[in-house]
$ cat structure37.txt   # compact mmCIF, C-alpha atoms
# COMPACT_ATOMS: atom_id res chain seq x y z
CA MET A 1 -37.68 20.32 -43.11
CA GLY A 2 -41.00 20.70 -41.29
CA PRO A 3 -41.45 20.93 -37.51
CA HIS A 4 -42.54 17.28 -37.16
CA GLU A 5 -39.70 15.64 -39.07
CA PRO A 6 -36.76 13.99 -37.39
CA GLU A 7 -33.80 16.30 -36.86
CA ARG A 8 -30.29 15.23 -37.75
CA GLY A 9 -27.87 15.39 -34.84
CA TRP A 10 -24.16 16.16 -34.98
CA VAL A 11 -21.30 13.68 -35.16
CA ASP A 12 -17.78 14.56 -34.04
CA ALA A 13 -15.70 15.44 -37.09
CA GLU A 14 -13.03 12.78 -36.62
CA LEU A 15 -15.64 10.18 -35.80
CA ALA A 16 -17.59 11.13 -38.92
CA GLN A 17 -14.50 10.45 -41.02
CA GLU A 18 -14.06 7.01 -39.45
CA LEU A 19 -17.74 6.05 -39.42
CA PRO A 20 -19.33 8.23 -42.11
CA GLU A 21 -22.61 6.35 -42.17
CA LEU A 22 -23.36 6.78 -38.48
CA THR A 23 -26.15 9.33 -37.98
CA LEU A 24 -28.15 10.40 -34.97
CA TRP A 25 -31.75 11.50 -35.45
CA SER A 26 -34.02 13.03 -32.84
CA LEU A 27 -37.63 14.08 -32.63
CA PRO A 28 -39.48 16.05 -29.95
CA ALA A 29 -42.41 14.01 -28.68
CA GLY A 30 -44.07 16.41 -26.28
CA ALA A 31 -45.50 15.53 -22.90
CA PRO A 32 -45.05 11.98 -21.56
CA PRO A 33 -47.81 9.55 -22.53
CA ALA A 34 -50.20 7.99 -20.07
CA ARG A 35 -48.33 5.60 -17.80
CA ARG A 36 -50.47 2.57 -18.57
CA SER A 37 -50.35 1.24 -22.12
CA PRO A 38 -53.58 1.59 -24.08
CA PRO A 39 -55.28 -1.74 -24.86
CA GLU A 40 -54.59 -1.29 -28.60
CA LEU A 41 -50.86 -1.13 -27.97
CA ARG A 42 -50.84 -4.16 -25.73
CA GLU A 43 -52.88 -6.06 -28.30
CA ARG A 44 -50.44 -5.10 -31.05
CA LEU A 45 -47.54 -6.39 -29.00
CA ARG A 46 -49.43 -9.57 -28.23
CA MET A 47 -50.10 -10.16 -31.94
CA LEU A 48 -46.44 -9.60 -32.79
CA ALA A 49 -45.37 -11.99 -30.05
CA THR A 50 -47.61 -14.80 -31.32
CA ARG A 51 -46.03 -14.60 -34.78
CA LEU A 52 -42.45 -15.00 -33.57
CA ARG A 53 -40.80 -18.44 -33.47
CA GLY A 54 -37.33 -19.61 -32.59
CA ALA A 55 -36.36 -20.15 -36.23
CA GLU A 56 -37.27 -16.56 -37.04
CA ALA A 57 -35.07 -15.37 -34.20
CA ILE A 58 -32.13 -17.07 -35.91
CA GLU A 59 -33.18 -15.79 -39.35
CA LEU A 60 -33.36 -12.24 -37.96
CA ARG A 61 -29.61 -11.84 -38.32
CA ARG A 62 -29.94 -12.24 -42.09
CA ARG A 63 -32.54 -9.52 -42.57
CA PRO A 64 -31.10 -6.26 -43.93
CA VAL A 65 -31.73 -3.87 -41.02
CA PRO A 66 -30.84 -6.24 -38.13
CA HIS A 67 -27.82 -7.38 -40.12
CA ALA A 68 -26.71 -3.76 -40.58
CA TYR A 69 -26.71 -3.23 -36.82
CA ARG A 70 -24.87 -6.51 -36.22
CA VAL A 71 -22.16 -5.44 -38.66
CA PHE A 72 -21.87 -2.02 -37.02
CA PHE A 73 -21.59 -3.63 -33.59
CA ARG A 74 -18.66 -5.73 -34.80
CA GLN A 75 -17.03 -2.68 -36.36
CA ILE A 76 -17.08 -0.78 -33.06
CA GLY A 77 -15.79 -3.66 -30.96
CA LEU A 78 -19.04 -5.16 -29.69
CA ASP A 79 -19.94 -8.85 -29.97
CA PRO A 80 -23.60 -8.86 -31.13
CA ASP A 81 -24.08 -12.36 -29.71
CA ASP A 82 -23.02 -11.14 -26.26
CA ARG A 83 -24.17 -7.52 -26.21
CA ARG A 84 -27.17 -7.95 -28.48
CA THR A 85 -28.45 -5.40 -30.93
CA PRO A 86 -31.69 -3.79 -29.76
CA VAL A 87 -33.93 -5.75 -32.11
CA GLU A 88 -32.27 -9.07 -31.21
CA GLU A 89 -32.43 -8.21 -27.50
CA ALA A 90 -36.17 -7.61 -27.83
CA THR A 91 -36.54 -10.92 -29.68
CA MET A 92 -34.59 -12.83 -27.05
CA ARG A 93 -36.74 -11.34 -24.28
CA ARG A 94 -39.81 -12.49 -26.20
CA LEU A 95 -38.44 -16.03 -26.42
CA MET A 96 -37.40 -16.13 -22.78
CA HIS A 97 -40.65 -14.71 -21.39
CA GLY A 98 -43.07 -16.15 -23.91
CA GLY A 99 -44.34 -12.72 -24.94
CA TYR A 100 -43.68 -9.01 -24.95
CA GLU A 101 -44.25 -7.83 -21.39
CA SER A 102 -45.88 -4.45 -20.95
CA HIS A 103 -43.90 -1.91 -18.93
CA GLY A 104 -45.91 1.24 -19.56
CA ALA A 105 -46.96 3.19 -22.62
CA LEU A 106 -43.57 4.77 -23.36
CA GLU A 107 -41.51 1.58 -23.06
CA ASP A 108 -44.09 -0.38 -25.02
CA ALA A 109 -44.13 2.22 -27.80
CA LEU A 110 -40.33 2.11 -28.08
CA LEU A 111 -40.45 -1.70 -28.05
CA LEU A 112 -43.04 -1.72 -30.81
CA ALA A 113 -40.88 0.58 -32.91
CA VAL A 114 -37.80 -1.63 -32.69
CA VAL A 115 -39.74 -4.88 -33.20
CA GLU A 116 -41.60 -3.63 -36.27
CA THR A 117 -38.76 -1.75 -37.98
CA GLY A 118 -35.54 -3.11 -36.48
CA VAL A 119 -34.46 0.47 -35.73
CA PRO A 120 -33.98 1.30 -32.03
CA VAL A 121 -35.52 4.41 -30.51
CA TRP A 122 -34.72 5.85 -27.07
CA ALA A 123 -36.40 8.55 -25.00
CA VAL A 124 -34.79 11.27 -22.88
CA ASP A 125 -36.11 14.06 -20.69
CA GLU A 126 -35.85 17.08 -22.97
CA ASP A 127 -35.60 19.56 -20.12
CA THR A 128 -32.33 17.97 -18.99
CA LEU A 129 -30.64 18.45 -22.37
CA ASP A 130 -28.20 21.24 -23.16
CA GLY A 131 -28.36 21.81 -26.88
CA PRO A 132 -28.74 19.28 -29.68
CA LEU A 133 -27.79 15.63 -29.31
CA GLY A 134 -24.82 14.18 -31.13
CA VAL A 135 -22.28 11.37 -31.13
CA ARG A 136 -18.64 11.62 -30.03
CA ALA A 137 -15.98 9.77 -28.07
CA ALA A 138 -15.97 10.17 -24.30
CA ARG A 139 -13.24 12.38 -22.88
CA ARG A 140 -10.95 11.63 -19.99
CA GLY A 141 -12.71 12.03 -16.65
CA GLU A 142 -16.29 11.92 -17.92
CA GLN A 143 -18.75 9.89 -15.92
CA ARG A 144 -22.12 8.24 -16.31
CA PRO A 145 -24.52 8.96 -13.40
CA ARG A 146 -26.46 6.03 -11.93
CA ALA A 147 -29.89 6.01 -10.34
CA ASP A 148 -28.39 5.30 -6.89
CA GLY A 149 -26.51 8.60 -6.92
CA PHE A 150 -23.12 7.17 -7.78
CA ALA A 151 -21.45 7.43 -11.17
CA ASP A 152 -19.46 5.09 -13.39
CA ASP A 153 -16.29 6.29 -15.05
CA LEU A 154 -16.46 6.31 -18.80
CA PRO A 155 -13.30 4.99 -20.49
CA GLU A 156 -11.73 7.59 -22.75
CA GLY A 157 -12.77 6.85 -26.31
CA ARG A 158 -16.03 5.12 -25.43
CA LEU A 159 -18.61 6.21 -28.01
CA VAL A 160 -21.44 8.17 -26.42
CA VAL A 161 -24.51 10.14 -27.31
CA ALA A 162 -23.90 13.58 -25.85
CA ASP A 163 -25.14 17.14 -25.65
CA ALA A 164 -23.14 20.27 -24.96
CA ALA A 165 -22.93 19.45 -21.24
CA GLY A 166 -21.63 15.91 -21.58
CA PRO A 167 -22.60 12.27 -22.20
CA VAL A 168 -26.25 11.39 -22.23
CA ALA A 169 -25.95 7.66 -23.00
CA VAL A 170 -23.38 5.14 -24.11
CA LEU A 171 -23.91 4.36 -27.79
CA PHE A 172 -26.76 1.85 -28.08
CA GLY A 173 -27.25 1.97 -24.33
CA GLU A 174 -30.02 3.39 -22.19
CA PRO A 175 -29.88 7.06 -21.21
CA ASP A 176 -28.13 7.69 -17.91
CA ALA A 177 -30.04 8.48 -14.73
CA ARG A 178 -29.76 12.25 -15.17
CA HIS A 179 -31.50 12.17 -18.57
CA ALA A 180 -33.90 9.28 -18.16
CA VAL A 181 -37.64 9.85 -18.40
CA THR A 182 -39.22 9.94 -14.93
CA ARG A 183 -42.63 10.85 -13.55
CA HIS A 184 -41.37 14.43 -13.20
CA THR A 185 -40.58 14.69 -16.91
CA ARG A 186 -42.56 17.38 -18.74
CA ALA A 187 -41.27 16.88 -22.28
CA ILE A 188 -39.71 13.93 -24.06
CA ARG A 189 -37.28 13.81 -26.95
CA LEU A 190 -36.88 10.61 -28.92
CA PHE A 191 -33.61 9.76 -30.61
CA SER A 192 -32.36 6.98 -32.85
CA LEU A 193 -29.09 5.82 -34.38
CA GLN A 194 -28.86 5.07 -38.09
CA VAL A 195 -25.95 3.01 -39.42
CA GLY A 196 -24.82 1.98 -42.89
CA GLY A 197 -27.38 -0.22 -44.64
CA VAL A 198 -30.38 1.17 -42.76
CA PRO A 199 -32.62 3.21 -45.11
CA ASP A 200 -33.89 6.63 -44.00
CA VAL A 201 -37.46 5.46 -44.39
CA HIS A 202 -36.92 2.81 -41.70
CA VAL A 203 -35.74 5.45 -39.25
CA GLU A 204 -38.73 7.65 -40.01
CA GLU A 205 -41.04 4.67 -39.67
CA ALA A 206 -39.53 3.83 -36.28
CA PHE A 207 -40.20 7.35 -34.99
CA TRP A 208 -43.76 7.42 -36.30
CA THR A 209 -44.47 3.95 -34.95
CA ALA A 210 -43.30 5.01 -31.51
CA ARG A 211 -45.29 8.25 -31.61
CA ASP A 212 -48.45 6.67 -32.97
CA ALA A 213 -48.32 3.93 -30.36
CA GLY A 214 -47.40 6.05 -27.35
CA TRP A 215 -49.34 9.17 -28.23
CA PRO A 216 -52.32 7.97 -30.28
CA ASP A 217 -54.50 10.97 -29.56
CA ALA A 218 -51.75 13.48 -30.40
CA THR A 219 -51.10 12.01 -33.86
CA GLU A 220 -54.72 11.65 -34.94
CA GLY A 221 -55.28 13.69 -38.05
CA THR A 222 -51.63 14.69 -38.42
CA ASP A 223 -49.74 13.96 -41.56
CA PRO A 224 -46.19 12.62 -40.96
CA MET B 1 9.28 7.39 -31.42
CA VAL B 2 6.07 6.81 -29.48
CA LEU B 3 4.93 3.24 -28.91
CA ILE B 4 1.19 2.83 -28.81
CA ASP B 5 -0.48 -0.24 -27.36
CA PRO B 6 -3.22 -1.08 -29.89
CA TYR B 7 -5.18 -2.97 -27.23
CA ALA B 8 -5.30 -0.06 -24.80
CA GLN B 9 -8.85 0.99 -24.02
CA GLU B 10 -7.87 4.65 -24.15
CA LEU B 11 -7.13 4.53 -27.86
CA ARG B 12 -8.70 7.56 -29.49
CA PRO B 13 -8.97 8.42 -33.16
CA GLY B 14 -6.35 10.92 -34.18
CA LEU B 15 -3.37 9.27 -32.45
CA VAL B 16 -2.57 6.91 -35.33
CA THR B 17 -4.63 8.45 -38.08
CA GLN B 18 -2.93 8.60 -41.43
CA PRO B 19 -4.82 8.67 -44.76
CA ASP B 20 -3.49 5.23 -45.74
CA GLU B 21 -4.46 3.73 -42.39
CA ARG B 22 -7.92 5.24 -42.58
CA ALA B 23 -8.40 3.60 -45.98
CA ALA B 24 -7.09 0.34 -44.51
CA ARG B 25 -9.55 0.55 -41.62
CA ARG B 26 -12.36 1.20 -44.09
CA THR B 27 -11.34 -1.89 -46.06
CA LEU B 28 -11.23 -3.99 -42.91
CA ARG B 29 -14.71 -2.79 -41.90
CA ASP B 30 -16.01 -3.80 -45.34
CA GLN B 31 -14.41 -7.22 -44.93
CA ILE B 32 -15.98 -7.56 -41.48
CA ALA B 33 -19.37 -6.77 -43.00
CA ARG B 34 -19.02 -9.47 -45.65
CA LEU B 35 -17.75 -12.07 -43.19
CA GLU B 36 -20.57 -11.32 -40.76
CA ALA B 37 -23.10 -11.86 -43.57
CA GLN B 38 -21.54 -15.19 -44.50
CA LEU B 39 -21.34 -16.33 -40.88
CA ALA B 40 -25.01 -15.39 -40.38
CA ASP B 41 -25.87 -17.50 -43.44
CA ALA B 42 -23.96 -20.45 -42.04
CA VAL B 43 -25.65 -20.21 -38.64
CA ALA B 44 -29.12 -19.88 -40.18
CA THR B 45 -28.41 -22.80 -42.55
CA ALA B 46 -27.34 -25.03 -39.68
CA PHE B 47 -30.32 -24.26 -37.47
CA PRO B 48 -32.99 -26.45 -39.18
CA THR B 49 -30.69 -29.46 -38.96
CA ARG B 50 -30.08 -28.78 -35.26
CA ALA B 51 -26.40 -28.63 -36.02
CA ALA B 52 -24.45 -26.38 -33.73
CA VAL B 53 -21.86 -24.36 -35.57
CA PRO B 54 -19.39 -22.15 -33.73
CA PHE B 55 -20.24 -18.48 -34.23
CA VAL B 56 -18.97 -16.60 -31.19
CA VAL B 57 -16.41 -13.90 -31.94
CA ALA B 58 -15.19 -11.90 -28.97
CA GLY B 59 -15.66 -8.14 -28.91
CA ALA B 60 -12.97 -5.53 -28.27
CA TYR B 61 -14.15 -3.45 -25.28
CA GLY B 62 -16.49 -1.38 -27.39
CA PRO B 63 -18.32 0.68 -28.33
CA ARG B 64 -15.37 2.67 -29.61
CA VAL B 65 -13.38 3.30 -32.75
CA LEU B 66 -11.14 0.32 -33.28
CA GLY B 67 -7.57 0.61 -34.41
CA LEU B 68 -6.03 -1.22 -37.32
CA ALA B 69 -4.75 -4.16 -35.28
CA GLU B 70 -8.07 -4.62 -33.50
CA LEU B 71 -10.03 -4.56 -36.76
CA GLU B 72 -7.64 -7.14 -38.17
CA ARG B 73 -8.17 -9.32 -35.11
CA VAL B 74 -11.96 -9.13 -35.46
CA ARG B 75 -11.67 -9.85 -39.18
CA ASP B 76 -9.38 -12.82 -38.61
CA ASP B 77 -11.59 -14.22 -35.84
CA LEU B 78 -14.65 -13.94 -38.07
CA ALA B 79 -12.83 -15.68 -40.90
CA THR B 80 -11.72 -18.48 -38.56
CA ARG B 81 -15.22 -18.91 -37.17
CA LEU B 82 -16.67 -18.94 -40.69
CA SER B 83 -14.19 -21.58 -41.78
CA GLU B 84 -15.07 -23.75 -38.78
CA ALA B 85 -18.78 -23.30 -39.41
CA ARG B 86 -18.43 -24.30 -43.05
CA GLN B 87 -16.36 -27.35 -42.11
CA GLU B 88 -19.06 -28.41 -39.67
CA LEU B 89 -21.78 -27.86 -42.28
CA THR B 90 -19.79 -29.88 -44.82
CA ARG B 91 -19.30 -32.67 -42.33
CA ARG B 92 -23.01 -32.68 -41.54
CA GLY B 93 -23.87 -32.61 -45.23
CA MET B 94 -21.71 -35.63 -45.94
CA ALA B 95 -23.19 -37.52 -43.01
CA GLN B 96 -26.70 -36.71 -44.30
CA GLU B 97 -25.70 -37.90 -47.78
CA ARG B 98 -24.45 -41.20 -46.35
CA ALA B 99 -27.72 -41.59 -44.45
CA ARG B 100 -29.72 -40.93 -47.63
CA VAL B 101 -27.75 -43.60 -49.51
CA ARG B 102 -28.42 -46.06 -46.69
CA LEU B 103 -32.14 -45.28 -46.84
CA GLU B 104 -32.21 -45.77 -50.61
CA ARG B 105 -30.54 -49.15 -50.25
CA MET B 106 -33.02 -50.11 -47.54
CA LEU B 107 -35.91 -49.16 -49.86
CA LEU B 108 -34.44 -51.05 -52.83
CA GLU B 109 -33.62 -54.27 -50.97
CA PRO B 110 -35.19 -54.27 -47.53
CA GLY B 111 -34.49 -57.96 -47.03
CA ARG B 112 -30.74 -57.29 -47.06
CA HIS B 113 -31.01 -54.61 -44.36
CA ARG B 114 -33.13 -56.33 -41.76
CA PHE B 115 -34.04 -54.19 -38.74
CA GLU B 116 -31.81 -51.34 -39.90
CA ARG B 117 -32.90 -47.83 -38.88
CA VAL B 118 -32.32 -44.36 -40.26
CA ALA B 119 -33.62 -41.43 -38.23
CA ALA B 120 -35.16 -38.43 -39.99
CA LEU B 121 -32.67 -36.33 -38.07
CA GLU B 122 -29.78 -38.11 -39.75
CA LEU B 123 -31.28 -37.15 -43.11
CA GLY B 124 -31.51 -33.49 -42.11
CA GLU B 125 -35.29 -33.60 -41.98
CA GLY B 126 -37.36 -32.11 -39.20
CA GLY B 127 -39.33 -34.17 -36.73
CA CYS B 128 -38.42 -37.32 -34.84
CA GLY B 129 -39.48 -39.99 -37.34
CA VAL B 130 -37.45 -43.14 -37.95
CA TYR B 131 -37.27 -45.24 -41.11
CA GLN B 132 -36.84 -48.90 -40.18
CA VAL B 133 -36.92 -52.22 -41.97
CA ARG B 134 -39.56 -54.47 -40.42
CA PRO B 135 -41.08 -57.81 -41.43
CA ARG B 136 -44.57 -57.78 -42.90
CA LEU B 137 -47.09 -59.67 -40.75
CA GLY B 138 -44.59 -60.20 -37.94
CA LEU B 139 -43.17 -63.71 -37.53
CA ILE B 140 -44.80 -64.94 -40.75
CA GLY B 141 -43.06 -62.22 -42.72
CA MET B 142 -39.75 -62.99 -41.09
CA LEU B 143 -40.01 -66.64 -42.03
CA ALA B 144 -41.30 -65.90 -45.54
CA GLY B 145 -38.74 -63.19 -46.22
CA TRP B 146 -41.31 -60.38 -46.54
CA TRP B 147 -39.61 -57.16 -45.45
CA HIS B 148 -40.53 -53.50 -45.93
CA VAL B 149 -39.49 -50.06 -44.78
CA LYS B 150 -41.76 -48.39 -42.26
CA LEU B 151 -41.70 -44.80 -41.12
CA SER B 152 -42.61 -44.49 -37.48
CA SER B 153 -43.43 -41.16 -35.86
CA GLY B 154 -40.80 -41.71 -33.20
CA CYS B 155 -42.44 -39.01 -31.15
CA PRO B 156 -42.18 -39.87 -27.44
CA LEU B 157 -45.32 -37.85 -26.73
CA ALA B 158 -47.38 -40.33 -28.78
CA THR B 159 -46.68 -43.05 -26.24
CA SER B 160 -46.88 -41.01 -23.05
CA GLN B 161 -49.75 -41.79 -20.74
CA PRO B 162 -51.83 -39.01 -19.20
CA THR B 163 -51.00 -38.53 -15.55
CA ASP B 164 -53.71 -38.46 -12.90
CA GLY B 165 -54.46 -35.25 -11.02
$ encode --input "structure37.txt" --output "structure tokens"
Amino acid sequence: MGPHEPERGWVDAELAQELPELTLWSLPAGAPPARRSPPELRERLRMLATRLRGAEAIELRRRPVPHAYRVFFRQIGLDPDDRRTPVEEATMRRLMHGGYESHGALEDALLLAVVETGVPVWAVDEDTLDGPLGVRAARRGEQRPRADGFADDLPEGRLVVADAAGPVAVLFGEPDARHAVTRHTRAIRLFSLQVGGVPDVHVEEAFWTARDAGWPDATEGTDP
Amino acid sequence: MVLIDPYAQELRPGLVTQPDERAARRTLRDQIARLEAQLADAVATAFPTRAAVPFVVAGAYGPRVLGLAELERVRDDLATRLSEARQELTRRGMAQERARVRLERMLLEPGRHRFERVAALELGEGGCGVYQVRPRLGLIGMLAGWWHVKLSSGCPLATSQPTDG
């Protein structure tokens, strides 16, 4: 495995026996991108937004990768029509706002990745991590820090993405305030969750789409 | 004997894990996957006809590893929702078939179905057109018994007047 390939994260042993097809992948992305999205990225999002119609939003649930995430959501106790899968959430926002709104280069790159591949990608501040990322159940007493300085209790058994120090994000949720990318971040790590029915190539494509879009100069001339 | 509440949010894998139950949970997850695919098909099939089929199935305080009883509940709810969706689609299909038969009879003998209307929506077609039996040449056609089926656009925008300012 070369230095620029996604790295497989760990999954708690008991969890791996229950959900053997759940895999976490991560990829170091280097320094944060420029805050403002490059025009090419905004144009790409605009083109994707013009091609999406309401009927396609309904059809999305039948496509293999979005369907795989819907099934996994049901299997872990989530209602995908209430707590939407990342790709369906992005689609609903497009329908509600009439387009994909730009929120900076990093967010736009992650949005592009999930819209084009159906595979969600998240970003964390690499300097705040303690060891490799993995997936496990939350333990009694663990908390999720909020941006206002308070913390929410995590129910025991809630599935989380974690490092050696503790939870980093609820599964399929945004990273908590302690690990989120801020303007003080010096290095970013991307991570993604692969479930049964999602091919490896889609996960790789999601990472490369995010990196190419957010860091266009850094990936010029490199061979993924 | 320890009693475990299967709906408790603190349920963790390992408390009720036996090899047979793990296999049972795997089977239930496979069933959930198949039912979700079929329900998605039903919802997508209903959409072009603007038919609303029930598809909401409540979650179970996730994301977490569900126990046997919870997986069974999700499976059963999906099966119920799928059954309801298929019944609704069948009902809609039969109504569309009846509408198509009416339209065929109107086309065959328009004089016997004077001023009858069948909307494109009733036929399961897109758009807001309406098939209606009208007399040719107005009053002359009515008196002479000349009737035919016309398809009007039915679109309200075609008759709206531009507003000033």
$ interface_residues --input "structure37.txt" --of "chain A" --to "chain B" --cutoff "8 Å" --atoms "only C-alpha atoms" --output "list in words"
Glu14, Leu15, Glu18, Ala55, Ile58, Glu59, Arg61, Arg62, His67, Arg70, Val71, Phe73, Arg74, Gln75, Ile76, Gly77, Leu78, Asp79, Asp81, Ala137, Pro155, Glu156, Gly157, Arg158, Leu159, Val170 and Leu171 of chain A
$ closest_residue --input "structure37.txt" --among "B:Leu89, B:Leu82, B:Val133, B:Ala99" --to "Phe115 of chain B" --atoms "all atoms listed in the file"
B:Val133
$ residues_around --input "structure37.txt" --residues "Glu88 of chain A" --least-positions-apart "5" --cutoff "8 Å" --atoms "all atoms listed in the file" --output "PyMOL selection string"
chain A and resi 57+60+66
$ atom_distance --input "structure37.txt" --atom1 "atom CA of Ala210 of chain A" --atom2 "atom CA of Thr23 of chain A"
18.8 Å
$ atom_distance --input "structure37.txt" --atom1 "atom CA of Pro135 of chain B" --atom2 "atom CA of Trp147 of chain B"
4.3 Å
$ atom_distance --input "structure37.txt" --atom1 "atom CA of Asp12 of chain A" --atom2 "atom CA of Asp152 of chain A"
22.8 Å
